[in-house]
$ cat start.pdb   # PDB, C-alpha atoms
ATOM      1  CA  MET B1421       4.988  -2.703  20.100
ATOM      2  CA  SER B1422       1.308  -1.792  20.207
ATOM      3  CA  THR B1423       2.280   1.576  21.696
ATOM      4  CA  ASP B1424       4.578   2.553  18.809
ATOM      5  CA  LEU B1425       3.357   5.333  16.546
ATOM      6  CA  ILE B1426       1.820   4.592  13.155
ATOM      7  CA  GLU B1427       4.496   6.669  11.428
ATOM      8  CA  HIS B1428       7.216   4.450  12.919
ATOM      9  CA  ALA B1429       5.472   1.337  11.627
ATOM     10  CA  VAL B1430       5.089   2.791   8.134
ATOM     11  CA  ARG B1431       8.778   3.612   7.985
ATOM     12  CA  LEU B1432       9.659   0.041   8.963
ATOM     13  CA  LEU B1433       7.363  -1.299   6.235
ATOM     14  CA  VAL B1434       8.795   1.010   3.558
ATOM     15  CA  GLU B1435      12.448   0.656   4.518
ATOM     16  CA  ASN B1436      12.229  -3.150   4.600
ATOM     17  CA  ASN B1437       9.843  -3.443   1.631
ATOM     18  CA  ILE B1438       7.413  -5.627   3.557
ATOM     19  CA  HIS B1439       3.616  -5.566   3.666
ATOM     20  CA  SER B1440       2.935  -6.265   7.345
ATOM     21  CA  LEU B1441       4.328  -6.231  10.865
ATOM     22  CA  PRO B1442       3.471  -8.198  14.019
ATOM     23  CA  VAL B1443       2.178  -6.032  16.865
ATOM     24  CA  LEU B1444       3.381  -7.092  20.317
ATOM     25  CA  HIS B1445       2.059  -6.295  23.773
ATOM     26  CA  PRO B1446       4.613  -3.938  25.373
ATOM     27  CA  ASP B1447       4.772  -5.925  28.628
ATOM     28  CA  THR B1448       4.185  -9.593  27.784
ATOM     29  CA  LEU B1449       5.505  -9.457  24.184
ATOM     30  CA  LYS B1450       2.504 -11.542  23.170
ATOM     31  CA  CYS B1451       1.583 -11.106  19.516
ATOM     32  CA  LEU B1452      -1.734  -9.239  19.401
ATOM     33  CA  GLY B1453      -2.064  -9.433  15.642
ATOM     34  CA  PHE B1454      -0.633  -7.916  12.487
ATOM     35  CA  VAL B1455      -0.880  -4.482  10.928
ATOM     36  CA  ASP B1456      -0.415  -4.321   7.177
ATOM     37  CA  VAL B1457      -0.441  -1.618   4.522
ATOM     38  CA  GLY B1458      -4.127  -2.291   3.883
ATOM     39  CA  ASP B1459      -4.944  -1.382   7.483
ATOM     40  CA  ILE B1460      -2.940   1.829   7.213
ATOM     41  CA  LEU B1461      -4.544   2.687   3.870
ATOM     42  CA  SER B1462      -8.013   2.292   5.380
ATOM     43  CA  TYR B1463      -7.031   4.538   8.273
ATOM     44  CA  ILE B1464      -5.586   7.230   5.986
ATOM     45  CA  VAL B1465      -8.703   7.335   3.801
ATOM     46  CA  ARG B1466     -10.894   7.726   6.887
ATOM     47  CA  SER B1467      -8.652  10.530   8.166
ATOM     48  CA  ILE B1468      -8.565  12.730   5.076
ATOM     49  CA  PRO B1469     -11.311  15.365   4.825
ATOM     50  CA  LYS B1470     -13.140  16.018   1.553
ATOM     51  CA  PHE B1471     -12.696  19.797   1.804
ATOM     52  CA  PRO B1472     -16.268  21.028   1.329
ATOM     53  CA  THR B1473     -16.649  24.432  -0.300
ATOM     54  CA  ASP B1474     -18.052  26.005   2.835
ATOM     55  CA  PHE B1475     -14.884  24.985   4.702
ATOM     56  CA  LEU B1476     -12.532  26.348   2.067
ATOM     57  CA  ASN B1477     -14.392  29.650   2.131
ATOM     58  CA  ASN B1478     -14.634  29.751   5.923
ATOM     59  CA  SER B1479     -14.213  33.384   6.893
ATOM     60  CA  LEU B1480     -12.832  32.380  10.305
ATOM     61  CA  PHE B1481      -9.523  31.589   8.574
ATOM     62  CA  GLN B1482      -8.142  35.005   7.761
ATOM     63  CA  PHE B1483      -4.437  35.559   7.254
ATOM     64  CA  GLU B1484      -2.672  38.865   7.201
ATOM     65  CA  LYS B1485       0.554  39.375   5.288
ATOM     66  CA  SER B1486       2.210  36.572   7.219
ATOM     67  CA  HIS B1487       1.258  33.997   9.800
ATOM     68  CA  SER B1488       3.330  31.344  11.544
ATOM     69  CA  THR B1489       2.372  28.200  13.409
ATOM     70  CA  GLN B1490       4.341  25.412  15.019
ATOM     71  CA  ASN B1491       3.347  21.927  13.884
ATOM     72  CA  SER B1492       3.853  18.937  16.178
ATOM     73  CA  ARG B1493       5.236  16.576  13.556
ATOM     74  CA  LYS B1494       9.003  16.852  13.211
ATOM     75  CA  ASN B1495       8.821  20.348  14.744
ATOM     76  CA  ARG B1496       7.920  21.772  11.373
ATOM     77  CA  GLU B1497       7.327  25.503  11.122
ATOM     78  CA  PHE B1498       4.942  26.910   8.526
ATOM     79  CA  THR B1499       5.288  30.550   7.584
ATOM     80  CA  ILE B1500       2.417  31.752   5.419
ATOM     81  CA  ASP B1501       3.027  34.804   3.289
ATOM     82  CA  ALA B1502       0.196  36.053   1.094
ATOM     83  CA  ARG B1503       2.684  37.417  -1.404
ATOM     84  CA  VAL B1504       4.703  34.209  -1.721
ATOM     85  CA  GLY B1505       2.943  31.146  -0.344
ATOM     86  CA  VAL B1506       3.748  28.613   2.347
ATOM     87  CA  HIS B1507       7.331  28.319   3.504
ATOM     88  CA  VAL B1508       7.947  25.014   5.284
ATOM     89  CA  ILE B1509      10.982  24.283   7.459
ATOM     90  CA  ASP B1510      11.169  20.862   9.104
ATOM     91  CA  GLY B1511      13.086  19.820  12.197
ATOM     92  CA  GLU B1512      16.177  18.979  10.139
ATOM     93  CA  GLY B1513      16.338  22.413   8.553
ATOM     94  CA  ASN B1514      15.022  21.322   5.156
ATOM     95  CA  SER B1515      13.157  24.088   3.387
ATOM     96  CA  GLN B1516      10.281  24.003   0.901
ATOM     97  CA  ILE B1517       8.120  26.762  -0.574
ATOM     98  CA  LEU B1518       4.639  26.237  -2.011
ATOM     99  CA  GLU B1519       3.514  29.016  -4.294
ATOM    100  CA  ILE B1520      -0.036  30.097  -3.608
ATOM    101  CA  GLU B1521      -2.234  32.057  -5.998
ATOM    102  CA  ASP B1522      -5.536  32.024  -4.138
ATOM    103  CA  THR B1523      -4.119  32.439  -0.651
ATOM    104  CA  GLY B1524      -7.337  32.197   1.363
ATOM    105  CA  LYS B1525      -8.578  28.935  -0.114
ATOM    106  CA  GLU B1526      -5.269  27.201  -0.782
ATOM    107  CA  ILE B1527      -3.685  27.946   2.593
ATOM    108  CA  ASN B1528      -6.749  26.836   4.501
ATOM    109  CA  ALA B1529      -6.798  23.541   2.587
ATOM    110  CA  ILE B1530      -3.088  22.932   3.101
ATOM    111  CA  LEU B1531      -3.211  23.649   6.816
ATOM    112  CA  LYS B1532      -6.215  21.412   7.248
ATOM    113  CA  GLN B1533      -4.440  18.594   5.401
ATOM    114  CA  LEU B1534      -1.395  19.000   7.610
ATOM    115  CA  ASP B1535      -3.364  19.171  10.841
ATOM    116  CA  VAL B1536      -5.502  16.129  10.090
ATOM    117  CA  PHE B1537      -2.688  14.046   8.659
ATOM    118  CA  ASP B1538      -0.185  14.907  11.391
ATOM    119  CA  GLU B1539      -2.740  14.171  14.099
ATOM    120  CA  ALA B1540      -3.495  10.807  12.510
ATOM    121  CA  ILE B1541       0.105   9.610  12.372
ATOM    122  CA  THR B1542       1.820  11.508  15.173
ATOM    123  CA  ASN B1543      -0.449  10.969  18.151
ATOM    124  CA  ARG B1544      -1.921   7.555  17.339
ATOM    125  CA  SER B1545      -0.448   4.191  18.296
ATOM    126  CA  ILE B1546      -0.216   1.284  15.876
ATOM    127  CA  GLY B1547      -2.305  -0.944  18.137
ATOM    128  CA  ILE B1548      -5.552   0.721  17.038
ATOM    129  CA  LEU B1549      -4.987  -0.438  13.461
ATOM    130  CA  ILE B1550      -4.926  -4.211  14.007
ATOM    131  CA  ASP B1551      -7.167  -5.583  11.233
ATOM    132  CA  GLU B1552      -8.514  -2.075  10.501
ATOM    133  CA  SER B1553      -9.256  -3.129   6.917
ATOM    134  CA  GLY B1554     -10.792  -6.489   7.848
ATOM    135  CA  ASP B1555      -9.103  -8.041   4.802
ATOM    136  CA  ASP B1556      -6.352 -10.129   6.387
ATOM    137  CA  PRO B1557      -7.426 -12.217   9.428
ATOM    138  CA  PHE B1558      -4.885 -13.308  12.008
ATOM    139  CA  PHE B1559      -3.925 -17.003  12.169
ATOM    140  CA  MET B1560      -1.307 -18.644  14.386
ATOM    141  CA  THR B1561       0.694 -21.752  13.458
ATOM    142  CA  THR B1562       3.314 -23.945  15.116
ATOM    143  CA  PRO B1563       6.107 -26.105  13.684
ATOM    144  CA  SER B1564       3.674 -29.049  13.828
ATOM    145  CA  THR B1565       1.048 -27.317  11.644
ATOM    146  CA  PRO B1566       0.674 -29.292   8.386
ATOM    147  CA  ALA B1567       2.262 -27.492   5.430
ATOM    148  CA  ILE B1568      -0.899 -27.972   3.374
ATOM    149  CA  ARG B1569      -2.798 -25.960   6.004
ATOM    150  CA  VAL B1570      -0.427 -23.027   5.562
ATOM    151  CA  VAL B1571      -0.710 -23.181   1.759
ATOM    152  CA  ASP B1572      -4.487 -23.233   2.162
ATOM    153  CA  LEU B1573      -4.293 -19.998   4.154
ATOM    154  CA  PHE B1574      -2.109 -18.410   1.478
ATOM    155  CA  ALA B1575      -4.557 -19.534  -1.225
ATOM    156  CA  ARG B1576      -7.354 -17.753   0.657
ATOM    157  CA  GLY B1577      -5.467 -14.467   0.707
ATOM    158  CA  ILE B1578      -3.659 -14.619   4.056
ATOM    159  CA  ARG B1579      -0.312 -13.031   3.212
ATOM    160  CA  ARG B1580       1.752 -14.230   6.166
ATOM    161  CA  VAL B1581       1.422 -16.506   9.195
ATOM    162  CA  PRO B1582       3.341 -16.270  12.465
ATOM    163  CA  ILE B1583       4.940 -19.461  13.747
ATOM    164  CA  LEU B1584       4.984 -19.998  17.510
ATOM    165  CA  GLU B1585       7.629 -22.175  19.142
ATOM    166  CA  SER B1586       4.840 -24.373  20.552
ATOM    167  CA  GLN B1587       1.084 -24.413  21.021
ATOM    168  CA  ASN B1588       1.278 -22.615  24.376
ATOM    169  CA  ALA B1589       4.090 -20.224  23.501
ATOM    170  CA  ILE B1590       3.566 -16.454  23.595
ATOM    171  CA  GLY B1591       6.346 -15.086  21.413
ATOM    172  CA  ILE B1592       6.775 -15.548  17.670
ATOM    173  CA  ALA B1593       9.605 -17.809  16.539
ATOM    174  CA  ASP B1594       9.323 -17.004  12.833
ATOM    175  CA  ILE B1595       7.006 -15.690  10.111
ATOM    176  CA  TYR B1596       6.286 -17.474   6.836
ATOM    177  CA  SER B1597       4.893 -15.448   3.942
ATOM    178  CA  GLN B1598       3.302 -15.917   0.532
ATOM    179  CA  SER B1599       6.422 -14.554  -1.135
ATOM    180  CA  GLN B1600       8.610 -17.171   0.576
ATOM    181  CA  PHE B1601       6.293 -19.928  -0.587
ATOM    182  CA  VAL B1602       6.267 -18.596  -4.176
ATOM    183  CA  GLN B1603      10.076 -18.446  -4.061
ATOM    184  CA  PHE B1604      10.058 -22.125  -3.039
ATOM    185  CA  ILE B1605       7.764 -22.966  -5.971
ATOM    186  CA  TYR B1606      10.016 -21.032  -8.351
ATOM    187  CA  ASP B1607      13.063 -22.970  -7.129
ATOM    188  CA  ASN B1608      11.234 -26.251  -7.754
ATOM    189  CA  LEU B1609       9.293 -25.592 -10.948
ATOM    190  CA  PHE B1610      11.045 -28.529 -12.572
ATOM    191  CA  MET B1611       8.966 -30.783 -10.324
ATOM    192  CA  VAL B1612       5.663 -29.619 -11.875
ATOM    193  CA  PRO B1613       6.397 -29.212 -15.610
ATOM    194  CA  ARG B1614       2.784 -29.633 -16.694
ATOM    195  CA  ILE B1615       1.461 -26.665 -14.774
ATOM    196  CA  SER B1616       4.573 -24.514 -15.199
ATOM    197  CA  ASN B1617       4.314 -24.855 -18.989
ATOM    198  CA  THR B1618       0.578 -24.095 -19.092
ATOM    199  CA  LYS B1619      -0.403 -20.760 -20.631
ATOM    200  CA  ILE B1620      -2.262 -18.520 -18.227
ATOM    201  CA  ARG B1621      -5.185 -18.275 -20.665
ATOM    202  CA  ASP B1622      -5.713 -22.001 -19.987
ATOM    203  CA  LEU B1623      -5.494 -21.857 -16.196
ATOM    204  CA  GLU B1624      -8.704 -22.210 -14.236
ATOM    205  CA  GLY B1625      -9.598 -19.820 -11.461
ATOM    206  CA  LEU B1626      -8.055 -16.634 -12.854
ATOM    207  CA  ARG B1627     -10.502 -13.721 -13.106
ATOM    208  CA  PHE B1628      -9.686 -11.549 -16.067
ATOM    209  CA  TYR B1629     -11.569  -8.517 -17.342
ATOM    210  CA  GLU B1630     -12.217  -7.446 -13.763
ATOM    211  CA  THR B1631      -9.217  -5.189 -13.276
ATOM    212  CA  VAL B1632      -9.545  -1.790 -11.579
ATOM    213  CA  SER B1633      -7.738   0.984 -13.424
ATOM    214  CA  VAL B1634      -7.149   4.695 -12.787
ATOM    215  CA  ASP B1635      -6.021   7.435 -15.169
ATOM    216  CA  ILE B1636      -2.428   8.350 -14.358
ATOM    217  CA  LYS B1637      -3.409  12.026 -14.423
ATOM    218  CA  GLU B1638      -5.688  11.501 -11.428
ATOM    219  CA  THR B1639      -4.634  12.558  -7.925
ATOM    220  CA  VAL B1640      -3.119  10.464  -5.160
ATOM    221  CA  ILE B1641      -6.213  10.767  -2.973
ATOM    222  CA  TYR B1642      -8.401   9.536  -5.844
ATOM    223  CA  ALA B1643      -6.229   6.427  -6.163
ATOM    224  CA  LEU B1644      -6.226   5.872  -2.385
ATOM    225  CA  ARG B1645      -9.998   6.035  -2.260
ATOM    226  CA  THR B1646     -10.245   3.686  -5.236
ATOM    227  CA  LEU B1647      -8.063   1.111  -3.482
ATOM    228  CA  HIS B1648     -10.200   1.445  -0.385
ATOM    229  CA  THR B1649     -13.551   1.328  -2.210
ATOM    230  CA  TYR B1650     -12.718  -1.792  -4.211
ATOM    231  CA  SER B1651     -10.716  -3.462  -1.399
ATOM    232  CA  CYS B1652      -7.838  -4.132  -3.778
ATOM    233  CA  GLN B1653      -4.108  -4.107  -3.152
ATOM    234  CA  ALA B1654      -3.241  -2.261  -6.368
ATOM    235  CA  VAL B1655      -4.763  -0.464  -9.334
ATOM    236  CA  ALA B1656      -3.490  -0.334 -12.899
ATOM    237  CA  LEU B1657      -2.557   3.154 -14.073
ATOM    238  CA  VAL B1658      -3.494   3.892 -17.670
ATOM    239  CA  ASN B1659      -3.029   6.742 -20.131
ATOM    240  CA  ALA B1660      -5.720   8.459 -22.200
ATOM    241  CA  ASN B1661      -5.765   5.491 -24.592
ATOM    242  CA  GLY B1662      -6.250   2.980 -21.780
ATOM    243  CA  ARG B1663      -2.720   1.576 -22.158
ATOM    244  CA  LEU B1664      -0.965   0.320 -19.021
ATOM    245  CA  VAL B1665       1.654   2.866 -17.913
ATOM    246  CA  GLY B1666       1.976   2.358 -14.178
ATOM    247  CA  ASN B1667       1.070   0.582 -10.967
ATOM    248  CA  PHE B1668      -0.208   2.155  -7.755
ATOM    249  CA  SER B1669      -0.318  -0.168  -4.761
ATOM    250  CA  GLN B1670      -0.940  -0.034  -1.039
ATOM    251  CA  MET B1671       2.829   0.069  -0.505
ATOM    252  CA  ASP B1672       2.957   3.505  -2.148
ATOM    253  CA  ILE B1673       1.264   5.107   0.864
ATOM    254  CA  GLY B1674       4.710   5.283   2.458
ATOM    255  CA  GLY B1675       5.451   8.408   0.488
ATOM    256  CA  LEU B1676       2.661  10.250   2.261
ATOM    257  CA  TYR B1677       4.485   9.790   5.554
ATOM    258  CA  ILE B1678       7.867  10.754   4.134
ATOM    259  CA  ASP B1679       6.805  13.911   2.312
ATOM    260  CA  THR B1680       7.197  17.258   4.029
ATOM    261  CA  ILE B1681       3.795  18.204   2.639
ATOM    262  CA  PRO B1682       1.200  15.439   2.233
ATOM    263  CA  SER B1683       0.792  14.811  -1.493
ATOM    264  CA  PHE B1684      -2.915  14.045  -1.553
ATOM    265  CA  THR B1685      -3.609  16.339  -4.474
ATOM    266  CA  ASP B1686      -0.496  15.536  -6.548
ATOM    267  CA  PRO B1687      -0.977  13.832  -9.935
ATOM    268  CA  LEU B1688      -0.081  10.157  -9.659
ATOM    269  CA  SER B1689       2.595  10.500 -12.331
ATOM    270  CA  ALA B1690       4.489  13.168 -10.371
ATOM    271  CA  TYR B1691       4.046  11.435  -7.019
ATOM    272  CA  LEU B1692       5.346   8.068  -8.266
ATOM    273  CA  ALA B1693       8.223   9.670 -10.178
ATOM    274  CA  ARG B1694       9.401  11.063  -6.846
ATOM    275  CA  ILE B1695       8.484   8.220  -4.464
ATOM    276  CA  SER B1696       8.529   5.010  -6.520
ATOM    277  CA  PRO B1697       9.904   5.441 -10.076
ATOM    278  CA  LEU B1698       9.782   1.691 -10.756
ATOM    279  CA  SER B1699       5.999   1.852 -10.440
ATOM    280  CA  LEU B1700       5.968   3.753 -13.735
ATOM    281  CA  ASN B1701       7.452   0.689 -15.428
ATOM    282  CA  PRO B1702       4.925  -1.981 -14.390
ATOM    283  CA  VAL B1703       5.577  -5.697 -14.746
ATOM    284  CA  SER B1704       3.160  -7.251 -17.244
ATOM    285  CA  CYS B1705       2.508 -10.259 -19.454
ATOM    286  CA  ASP B1706      -0.037 -11.381 -22.041
ATOM    287  CA  LEU B1707      -2.391 -14.348 -22.034
ATOM    288  CA  ASN B1708       0.154 -16.512 -23.872
ATOM    289  CA  ALA B1709       2.705 -16.320 -21.053
ATOM    290  CA  THR B1710       3.251 -19.572 -19.196
ATOM    291  CA  PHE B1711       2.528 -19.946 -15.520
ATOM    292  CA  GLY B1712       6.208 -20.677 -14.911
ATOM    293  CA  ALA B1713       7.221 -17.462 -16.687
ATOM    294  CA  VAL B1714       4.797 -15.481 -14.543
ATOM    295  CA  ILE B1715       6.229 -16.947 -11.339
ATOM    296  CA  GLU B1716       9.742 -16.177 -12.552
ATOM    297  CA  SER B1717       8.715 -12.586 -13.277
ATOM    298  CA  LEU B1718       7.195 -12.152  -9.822
ATOM    299  CA  VAL B1719      10.270 -13.552  -8.076
ATOM    300  CA  THR B1720      13.001 -11.882 -10.129
ATOM    301  CA  ASN B1721      11.294  -8.482 -10.129
ATOM    302  CA  LYS B1722      10.412  -8.810  -6.425
ATOM    303  CA  VAL B1723       6.822  -7.721  -6.994
ATOM    304  CA  SER B1724       3.495  -8.965  -5.674
ATOM    305  CA  ARG B1725       1.633  -8.968  -8.997
ATOM    306  CA  THR B1726       2.003  -8.867 -12.743
ATOM    307  CA  TRP B1727      -0.610  -7.139 -14.885
ATOM    308  CA  VAL B1728      -2.133  -9.084 -17.754
ATOM    309  CA  ILE B1729      -2.517  -6.981 -20.899
ATOM    310  CA  ASP B1730      -4.233  -7.508 -24.253
ATOM    311  CA  GLU B1731      -2.829  -6.922 -27.736
ATOM    312  CA  ASN B1732      -3.293  -3.152 -27.278
ATOM    313  CA  GLU B1733      -1.392  -3.164 -23.967
ATOM    314  CA  LYS B1734      -4.588  -2.475 -22.033
ATOM    315  CA  PRO B1735      -4.846  -4.173 -18.622
ATOM    316  CA  ILE B1736      -7.421  -6.948 -18.500
ATOM    317  CA  GLY B1737      -6.461  -8.510 -15.180
ATOM    318  CA  SER B1738      -3.592  -9.376 -12.902
ATOM    319  CA  ILE B1739      -1.923 -12.370 -11.282
ATOM    320  CA  ASP B1740      -0.713 -11.869  -7.736
ATOM    321  CA  LEU B1741       0.865 -14.045  -5.077
ATOM    322  CA  THR B1742      -2.529 -15.214  -3.822
ATOM    323  CA  ASP B1743      -3.442 -16.391  -7.336
ATOM    324  CA  VAL B1744      -0.206 -18.363  -7.572
ATOM    325  CA  CYS B1745      -0.786 -19.977  -4.169
ATOM    326  CA  ARG B1746      -4.374 -20.852  -5.070
ATOM    327  CA  ILE B1747      -3.419 -22.437  -8.395
ATOM    328  CA  ILE B1748      -0.691 -24.485  -6.706
ATOM    329  CA  TYR B1749      -3.037 -25.522  -3.900
ATOM    330  CA  ASP B1750      -5.740 -26.666  -6.347
ATOM    331  CA  PHE B1751      -3.321 -28.359  -8.733
ATOM    332  CA  LYS B1752      -3.301 -32.131  -8.967
ATOM    333  CA  GLU B1753      -0.591 -33.682 -11.139
TER     334      GLU B1753
END

$ encode --input "start.pdb" --output "structure tokens"
Amino acid sequence: MSTDLIEHAVRLLVENNIHSLPVLHPDTLKCLGFVDVGDILSYIVRSIPKFPTDFLNNSLFQFEKSHSTQNSRKNREFTIDARVGVHVIDGEGNSQILEIEDTGKEINAILKQLDVFDEAITNRSIGILIDESGDDPFFMTTPSTPAIRVVDLFARGIRRVPILESQNAIGIADIYSQSQFVQFIYDNLFMVPRISNTKIRDLEGLRFYETVSVDIKETVIYALRTLHTYSCQAVALVNANGRLVGNFSQMDIGGLYIDTIPSFTDPLSAYLARISPLSLNPVSCDLNATFGAVIESLVTNKVSRTWVIDENEKPIGSIDLTDVCRIIYDFKE
């Protein structure tokens, strides 16, 4: 429902491993649009402060030996002790202690993160995020919509389309997604042997050498802002030698809603090891892989993209579900 909280929507996305949800009017149940992880990412980036020096050194925030405050999200209680750090107890009785060396600066930053983040996801409804990112327009279809029209939408980057029972219907009968279409192609690759056996280096329309990468030692907020700045669904994580060692995608924002303390400043390696360990073992291929092998890898690994690497295992591009749909749509046997 459009009145549901953003946090509730994120949990549904993460728990069901899906990228988007339909948003319904609470009274009429009419579909108002979709909210996807890109919309939530855009909202998070806009909500996180940059912590200017004058804020961190703000003399108005003075703590004595201890200070307690009640936080609205999950009834969490934060006890701040200058000798120890921040002791966090959530509504379920789980306990966590953050050691603080520079109490004045660190505590102020942590409290500000918590206040801003909790306000953004606790007291905001999901309805305000419909097409927040502007990257995934909303299209309706019916059972009579030509299949080629739906594939065309997928080829242009639309990740899912709702299917109404009829042209004048209000409710959604079903949803058809890029991943379902790619699964169909995988199940019927034998019907298009020429394209399935083509090496990806020989396929037209793939843009290599344009990949966005981030050092795995960087922080979570740096990666979030990179995704937002470049309007991409994922970035390749590389080590000091530029070798592919991980994948950070829009879906990984779920961990920020699950954590007791928002992990904006955590290194990506530590954050993913805790939230999404499989992201540290990214799916990849080289330019000699066949298109059929790439589709098989996407389907069997249940991922949205495979990174393309060179002979030194450095990322030079990626192939995602939109690429697959576009190549299929443009293909003529």

$ atom_distance --input "start.pdb" --atom1 "atom CA of B:Gly1737" --atom2 "atom CA of B:Thr1618"
17.5 Å

$ closest_residue --input "start.pdb" --among "B:Arg1663, B:Arg1576, B:Arg1621, B:Lys1637" --to "B:Leu1741" --atoms "all atoms listed in the file"
B:Arg1576

$ resolve_selection --input "start.pdb" --expression "the PyMOL selection byres ((chain B and resi 1423) around 12)" --output "list in words"
Met1421, Ser1422, Asp1424, Leu1425, Ile1426, Glu1427, His1428, Ala1429, Val1443, Leu1444, His1445, Pro1446, Asp1447, Leu1449, Leu1452, Thr1542, Asn1543, Arg1544, Ser1545, Ile1546, Gly1547, Ile1548 and Leu1549 of chain B

$ atom_distance --input "start.pdb" --atom1 "atom CA of B:Ser1689" --atom2 "atom CA of B:Asp1456"
24.7 Å

$ closest_residue --input "start.pdb" --among "B:Ile1605, B:Ala1709, B:Leu1664, B:Asn1436" --to "B:Val1571" --atoms "all atoms listed in the file"
B:Ile1605

$ residues_around --input "start.pdb" --residues "stretch 1590-1603 of chain B" --least-positions-apart "6" --cutoff "8 Å" --atoms "only C-alpha atoms" --output "list in words"
Leu1449, Lys1450, Cys1451, Phe1574, Ile1578, Arg1579, Arg1580, Val1581, Pro1582, Ile1583, Leu1584, Ile1715, Val1719, Ser1724, Leu1741, Thr1742, Val1744 and Cys1745 of chain B

$ residues_around --input "start.pdb" --residues "stretch 1437-1441 of chain B" --least-positions-apart "3" --cutoff "7 Å" --atoms "only C-alpha atoms" --output "PyMOL selection string"
chain B and resi 1433-1434+1454-1457

$ atom_distance --input "start.pdb" --atom1 "atom CA of B:Ser1717" --atom2 "atom CA of B:Ile1739"
10.8 Å

$ closest_residue --input "start.pdb" --among "B:Ala1567, B:Leu1626, B:Gly1453, B:Glu1435" --to "B:Arg1746" --atoms "all atoms listed in the file"
B:Leu1626

$ resolve_selection --input "start.pdb" --expression "the PyMOL selection byres ((chain B and resi 1749) around 8)" --output "list in words"
Ile1568, Val1571, Asp1572, Ala1575, Cys1745, Arg1746, Ile1747, Ile1748, Asp1750 and Phe1751 of chain B

$ closest_residue --input "start.pdb" --among "B:Ile1550, B:Leu1688, B:Leu1698, B:Leu1644" --to "B:Gln1670" --atoms "only C-alpha atoms"
B:Leu1644

$ closest_residue --input "start.pdb" --among "B:Leu1609, B:Val1703, B:Ala1690, B:Ala1713" --to "B:Asn1667" --atoms "only C-alpha atoms"
B:Val1703

$ closest_residue --input "start.pdb" --among "B:Val1430, B:Val1658, B:Lys1722, B:Phe1604" --to "B:Ile1464" --atoms "only C-alpha atoms"
B:Val1430

$ residues_near_point --input "start.pdb" --point "(-0.6, -7.7, -28.9)" --cutoff "12 Å" --atoms "all atoms listed in the file" --output "PDB file with C-alpha atoms, in the coordinates of the input"
ATOM      1  CA  ARG B1663      -2.720   1.576 -22.158  1.00  0.00           C
ATOM      2  CA  CYS B1705       2.508 -10.259 -19.454  1.00  0.00           C
ATOM      3  CA  ASP B1706      -0.037 -11.381 -22.041  1.00  0.00           C
ATOM      4  CA  LEU B1707      -2.391 -14.348 -22.034  1.00  0.00           C
ATOM      5  CA  ASN B1708       0.154 -16.512 -23.872  1.00  0.00           C
ATOM      6  CA  VAL B1728      -2.133  -9.084 -17.754  1.00  0.00           C
ATOM      7  CA  ILE B1729      -2.517  -6.981 -20.899  1.00  0.00           C
ATOM      8  CA  ASP B1730      -4.233  -7.508 -24.253  1.00  0.00           C
ATOM      9  CA  GLU B1731      -2.829  -6.922 -27.736  1.00  0.00           C
ATOM     10  CA  ASN B1732      -3.293  -3.152 -27.278  1.00  0.00           C
ATOM     11  CA  GLU B1733      -1.392  -3.164 -23.967  1.00  0.00           C
ATOM     12  CA  LYS B1734      -4.588  -2.475 -22.033  1.00  0.00           C
ATOM     13  CA  PRO B1735      -4.846  -4.173 -18.622  1.00  0.00           C
TER      14      PRO B1735
END

$ resolve_selection --input "start.pdb" --expression "the PyMOL selection byres ((chain B and resi 1614) around 12)" --output "ChimeraX atom specification"
/B:1609-1613,1615-1619,1622-1623,1710-1712,1748,1751-1753
